[in-house]
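Participant: Dropping the structure in here first, questions after.
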Amino acid sequence: MIYTIRRKILVKGVVQGVGFRPHVYKLALAYGLAGWVKNDAAGVTVEAEGLPQNVREFIREISRRKPPASRIDSVSVLPLTPTGEKLFAIAKSGGHAPAGAVIPADLALCGDCRREMLAPRDRRYLYPFTNCTNCGPRFTIVKSVPYDRQATTMAGFAMCPHCLREYTNPLDRRFHAQPNACPVCGPDVELSAGGKKYAGMAALEKTAGLLLAGRIGALQSLGGFHLACRADTAPALRRLRAVKRRPHKPFAVMVPSLAAAKKLCLVSKTEAAALASSEAPVVMLRRKGAFSEPAPGLSRLGVMLPYTPLHAALFALLAKKGFAGPLVMTSGNLRDEPICKDAAEVSGRLAAAASFTLSHNRPIHNRADDSVAFEAAGELRLARRARGYVPAGIKLPAGGAPLLACGADLKNAFCLTRGSEAFLSQHIGDLSEPKNQEFFRETLGKLSGLLKVRPGVIVHDLHPDYASSFIAGSLPGAKIAVQHHAAHALSVAAEHGLKDPFLGISFDGTGYGADGKIWGSEFLVFGKHTWRRAGHLKYFPLPGGDIGAFETWRPALALVKEAFGPAWRKAAGDLFKKVPGAKLNTVERMLETGLNCPATSSMGRIFDAFSFISGVRDEATYEAQGPMEMESLLDGKKHGEYAFGLVQGETCLELDPVPAVRAAVTDRLAGVSAAVISARFHAGVAAAASSLAIKLAGEAGLETVCLSGGVFQNRALLEDLAVRLSRAGLKVLANSRVPSNDGGIALGQAWYAINGYSGERAAE
Ligand code: ZN
Ligand code: ZN
Ligand code: FE
């Protein structure tokens with residue numbers, strides 16, 4: 001008699017909707033095993049029976065050969081008594097939605113599907129809705145759980161016999177691929193151009209022709225529309241900038257292949273892997289040559305690869321016409337509004353921008369913008385977390401009752417927790433725009449429905465006037481307010497599972513401080529459950545408040561006045577010559593009387609001020625334009641560093657920017673280049689921050705430093721500071737899976753509430 005064993009195997013992680021059961025089924029056949037596999041509440045459960053050696057290897061191979069889109073968090077094995085079963089089957093999963101079910105994120109077109117749809121003989125040749133269990137739409141089409149076709153916007157399409165055979169054959173790549181479709185039975189595109197409508201291949205051919213001719217079109221993608229045009233023709237780009245009211249703000253481009261990306265930009269291994277990943281974000285790459293139109297003044301260009309079969313089909317048709325260049329693909333929205341998700345929204349909002357619209361009849365249920373990532377200090381870091389990443393959960397160091405963290409007002413994303421998992425929403429945007437507040441509420445309804453959570457605690461920013469705080473106030477449940485920069489720092493601790501005391505450095509544009517002032521460069525000491533502010537940039541007045549982020553000469557004038565006192569005009573020479581005299585006088589008087597000059601410790605505004613002082617930018621048309629252009633001038637060479645002072649304030653150690661301002665003004669007036677001033681400034685900030693951090697960490701006995709806040713999207717600063725801190729023996733952590741900007745703040749808020757932090761409070 002043959003000796004057999006039987007094992008029960010529980011696999012947890014992202015294992016549903018990604019081809020996991022067929023993977024297990026095929027392996028079981030290969031090892032001659034009997035038993036079954038099914039989806040259940042916890043993930044995938046397998047029972048396997050056969051020769052001991054085969055069962056053991058089968059279990060190893062489950063993880064080793066896992067489907068590309070899956071993620072295994074744990075595999076546990078229990079011994080069972082063999083039953084003598086002879087066959088292996090895919091068992092039906094339970095009909096009701098399991099409490100722990102995971103909704104998969106959207107997956108970029110896989111290699112197998114790409115090959116098929118580019119093969120002229122294939123039945124899916126250039127079919128824009130080709131997908132399989134390894135790729136295709138997921139989150140953006142799902143309406144409810146459990147995730148099956150009826151719960152998606154594919155419900156209205158009945159599979160043809162051919163597709164149904166694929167769908168029901170466990171050995172087929174399309175076994176249980178919920179959005180499975182073909183030209184016979186699936187969705188189709190529709191082009192509206194010049195008052196005419198086109199469908200199918202004619203629509204695609206015509207669209208390629210219009211793009212080639214330099215027209216701007218609205219193209220339906222996975223989570224919304226893009227506005228697209230050739231990136232290499234100035235007139236189209238100028239028109240696009242005019243209609244989007246974005247005179248300089250960088251546009252992302254899509255290139256047909258990794259090879260094409262490498263022609264335009266330097267691509268590291270990490271960046272190449274990100275471009276080709278199933279998340280397929282926009283990756284910020286270092287530009288090689290003079291091709292600067294889409295991102296004027298910047299050394300980096302946002303690049304992505306075709307991530308839907310529709311994109312692949314268009315690029316294939318463009319290639320036939322001899323065009324292999326990049327296309328601008330920017331979010332199809334008006335400035336700061338949610339991305340358009342259907343043709344009606346496009347005709348309402350983008351009519352002036354797009355001369356044609358390529359839409360399709362597979363509705364988008366959940367809007368999701370493109371995600372944006374960059375590499376810094378050897379790791380890929382997200383700057384915008386949306387399509388491809390949402391709604392993947394992030395494991396927290398501990399769990400609790402479900403809660404909602406509302407995030408902040410700029411680059412809003414909120415966070416729901418279920419047990420010890422945190423689910424960030426897709427990028428919602430700027431909540432000062434009422435349409436984004438609607439988007440917030442709509443997404444909150446959808447996401448809490450999909451996750452089956454009803455949050456009893458609502459966490460929000462300490463800022464009393466934030467729209468996110470108002471939304472929090474309108475929802476039922478206990479409220480917890482969290483200081484902005486504490487939440488930033490805690491977002492790092494949360495994503496790295498850090499429970500021990502640490503020093504947080506939050507460098508940011510603005511955030512409401514516990515003393516009612518505008519904070520933005522905070523050194524925070526976190527105990528196990530408490531926190532306090534231990535250091536910051538010395539307060540300086542910000543004439544006109546937030547306008548200073550755009551009129552960079554305002555914070556510059558405030559700092560120059562601090563640095564040189566009443567004799568500032570003489571000391572500044574012609575530094576402010578481009579600022580109209582009347583404006584300059586008004587702001588000078590504001591500074592003297594203190595009228596509308598809130599005190600701030602904002603590191604973002606210091607960067608803005610130095611972008612002015614260095615001669616890089618007088619006025620910005622988008623947030624952080626000056627600092628980004630200033631960073632673009634860095635060549636990696638050392639040119640010395642500007643010194644910051646260190647003074648003991650009432651409760652904190654304070655960094656004084658005045659010596660650095662004096663030195664930079666002197667340099668500028670002596671004709672030192674903006675590139676050198678930029679290098680000295682960046683190095684100066686890193687030096688000042690590291691010496692203060694080392695001192696504070698030493699005093700408090702801390703070994704770990706967490707870096708967060710929007711300013712740490714500055715790669716040069718992040719890398720320089722990390723090196724300096726590590727050299728001093730400190731462990732340095734920074735954001736990677738959530739943005740360091742306000743897009744990641746909800747995660748820190750959630751962790752604040754779950755871990756029961758308390759500490760600095762608002763001045764009553
Ligand atoms: Zn595929
Ligand atoms: Zn079909
Ligand atoms: Fe912030």
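Quick note on naming: the chains in the structure tokens go A, B, ... in the order shown, residues restart at 1 in each chain, and ligands are numbered from 1 in order of appearance.
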Just the residues within 9 Å of Gly13 (chain A), please, counting only C-alpha atoms, with nothing from its chain fewer than 4 positions along; format it as a list in words.

Facilitator: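 Selected residues are Ala42, Gly43, Val44, Ser70, Arg71, Ile72, Asp73, Ser74 and Val102 of chain A.
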
Participant: For ligand 2, list the contacting residues at 9 Å or closer, counting only C-alpha atoms and all ligand atoms, as a PyMOL selection string.

Facilitator: chain A and resi 158-164+180-186

Participant: Could you save those same residues with N, CA, C and O atoms as a compact mmCIF listing (two decimals), in the first residue's frame?

Facilitator:
```txt
# COMPACT_ATOMS: atom_id res chain seq x y z
N ALA A 158 -22.84 39.45 -20.91
CA ALA A 158 -22.88 37.99 -20.79
C ALA A 158 -21.75 37.41 -21.62
O ALA A 158 -21.55 37.81 -22.77
N MET A 159 -21.01 36.48 -21.04
CA MET A 159 -19.88 35.90 -21.77
C MET A 159 -20.33 35.05 -22.94
O MET A 159 -21.29 34.28 -22.82
N CYS A 160 -19.63 35.13 -24.07
CA CYS A 160 -19.88 34.26 -25.21
C CYS A 160 -19.35 32.86 -24.86
O CYS A 160 -18.60 32.70 -23.90
N PRO A 161 -19.75 31.83 -25.61
CA PRO A 161 -19.32 30.45 -25.28
C PRO A 161 -17.80 30.33 -25.16
O PRO A 161 -17.29 29.65 -24.27
N HIS A 162 -17.09 31.01 -26.05
CA HIS A 162 -15.63 30.92 -26.04
C HIS A 162 -15.05 31.48 -24.73
O HIS A 162 -14.21 30.87 -24.08
N CYS A 163 -15.53 32.67 -24.34
CA CYS A 163 -15.05 33.29 -23.10
C CYS A 163 -15.47 32.46 -21.89
O CYS A 163 -14.71 32.31 -20.94
N LEU A 164 -16.69 31.90 -21.95
CA LEU A 164 -17.18 31.11 -20.83
C LEU A 164 -16.32 29.85 -20.64
O LEU A 164 -16.07 29.43 -19.51
N ASN A 180 -13.44 39.03 -17.65
CA ASN A 180 -13.10 38.38 -18.92
C ASN A 180 -14.05 38.84 -20.04
O ASN A 180 -15.26 38.91 -19.85
N ALA A 181 -13.48 39.11 -21.19
CA ALA A 181 -14.27 39.64 -22.30
C ALA A 181 -13.53 39.46 -23.61
O ALA A 181 -12.32 39.22 -23.62
N CYS A 182 -14.27 39.56 -24.71
CA CYS A 182 -13.64 39.52 -26.03
C CYS A 182 -14.46 40.41 -26.96
O CYS A 182 -15.52 40.91 -26.58
N PRO A 183 -14.00 40.60 -28.20
CA PRO A 183 -14.74 41.51 -29.10
C PRO A 183 -16.16 41.04 -29.38
O PRO A 183 -17.02 41.85 -29.73
N VAL A 184 -16.43 39.73 -29.22
CA VAL A 184 -17.77 39.22 -29.50
C VAL A 184 -18.75 39.61 -28.40
O VAL A 184 -19.88 40.01 -28.65
N CYS A 185 -18.30 39.50 -27.14
CA CYS A 185 -19.24 39.63 -26.03
C CYS A 185 -18.97 40.80 -25.10
O CYS A 185 -19.80 41.13 -24.25
N GLY A 186 -17.81 41.43 -25.20
CA GLY A 186 -17.41 42.39 -24.17
C GLY A 186 -17.69 43.84 -24.51
O GLY A 186 -18.37 44.15 -25.50
```

Participant: Which residues of chain A come within 9 Å of ligand 1, and for each one, what is the closest pair of atoms and their distance in Å to one decimal, counting only C-alpha atoms and all ligand atoms, sorted by chain and residue number, as a tab-separated table?

Facilitator:
```
residue	atom	partner	partner_atom_place_in_ligand_line	distance
A:Leu107	CA	ligand 1	1 (Zn)	8.7
A:Ala108	CA	ligand 1	1 (Zn)	8.2
A:Leu109	CA	ligand 1	1 (Zn)	5.6
A:Cys110	CA	ligand 1	1 (Zn)	4.3
A:Gly111	CA	ligand 1	1 (Zn)	6.7
A:Asp112	CA	ligand 1	1 (Zn)	5.6
A:Cys113	CA	ligand 1	1 (Zn)	4.2
A:Arg114	CA	ligand 1	1 (Zn)	7.2
A:Thr130	CA	ligand 1	1 (Zn)	7.1
A:Asn131	CA	ligand 1	1 (Zn)	4.5
A:Cys132	CA	ligand 1	1 (Zn)	4.0
A:Thr133	CA	ligand 1	1 (Zn)	6.3
A:Asn134	CA	ligand 1	1 (Zn)	4.9
A:Cys135	CA	ligand 1	1 (Zn)	4.3
A:Gly136	CA	ligand 1	1 (Zn)	6.6
A:Arg173	CA	ligand 1	1 (Zn)	7.8
A:Arg174	CA	ligand 1	1 (Zn)	8.1
```

Participant: Taking only C-alpha atoms and all ligand atoms into account, which residues have an atom no farther than 12 Å from ligand 3? I'd like them as JSON, numbers by chain.

Facilitator: {"A": [407, 408, 409, 410, 411, 412, 461, 462, 463, 483, 484, 485, 486, 487, 488, 489, 491, 506, 507, 508, 509, 510, 511, 512, 513, 518, 519, 520, 521, 522, 602, 603, 604, 708, 709, 710, 711, 712, 713, 739, 740, 741, 742, 743, 744, 745, 746, 748]}

Participant: With a distance cut-off of 12 Å and only C-alpha atoms, select the neighbouring residues of Gly195 (chain A), excluding the residue or stretch itself and same-chain residues fewer than 4 positions from it, and output the selection as a list in words.

Facilitator: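 Non-adjacent residues within range: Leu191, Ser355, Phe356 and Thr357 of chain A.
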
Participant: Quick check, in Å to one decimal: how far apart do CA of Asn714 (chain A) and CA of Val283 (chain A) lie?

Facilitator: 14.7 Å
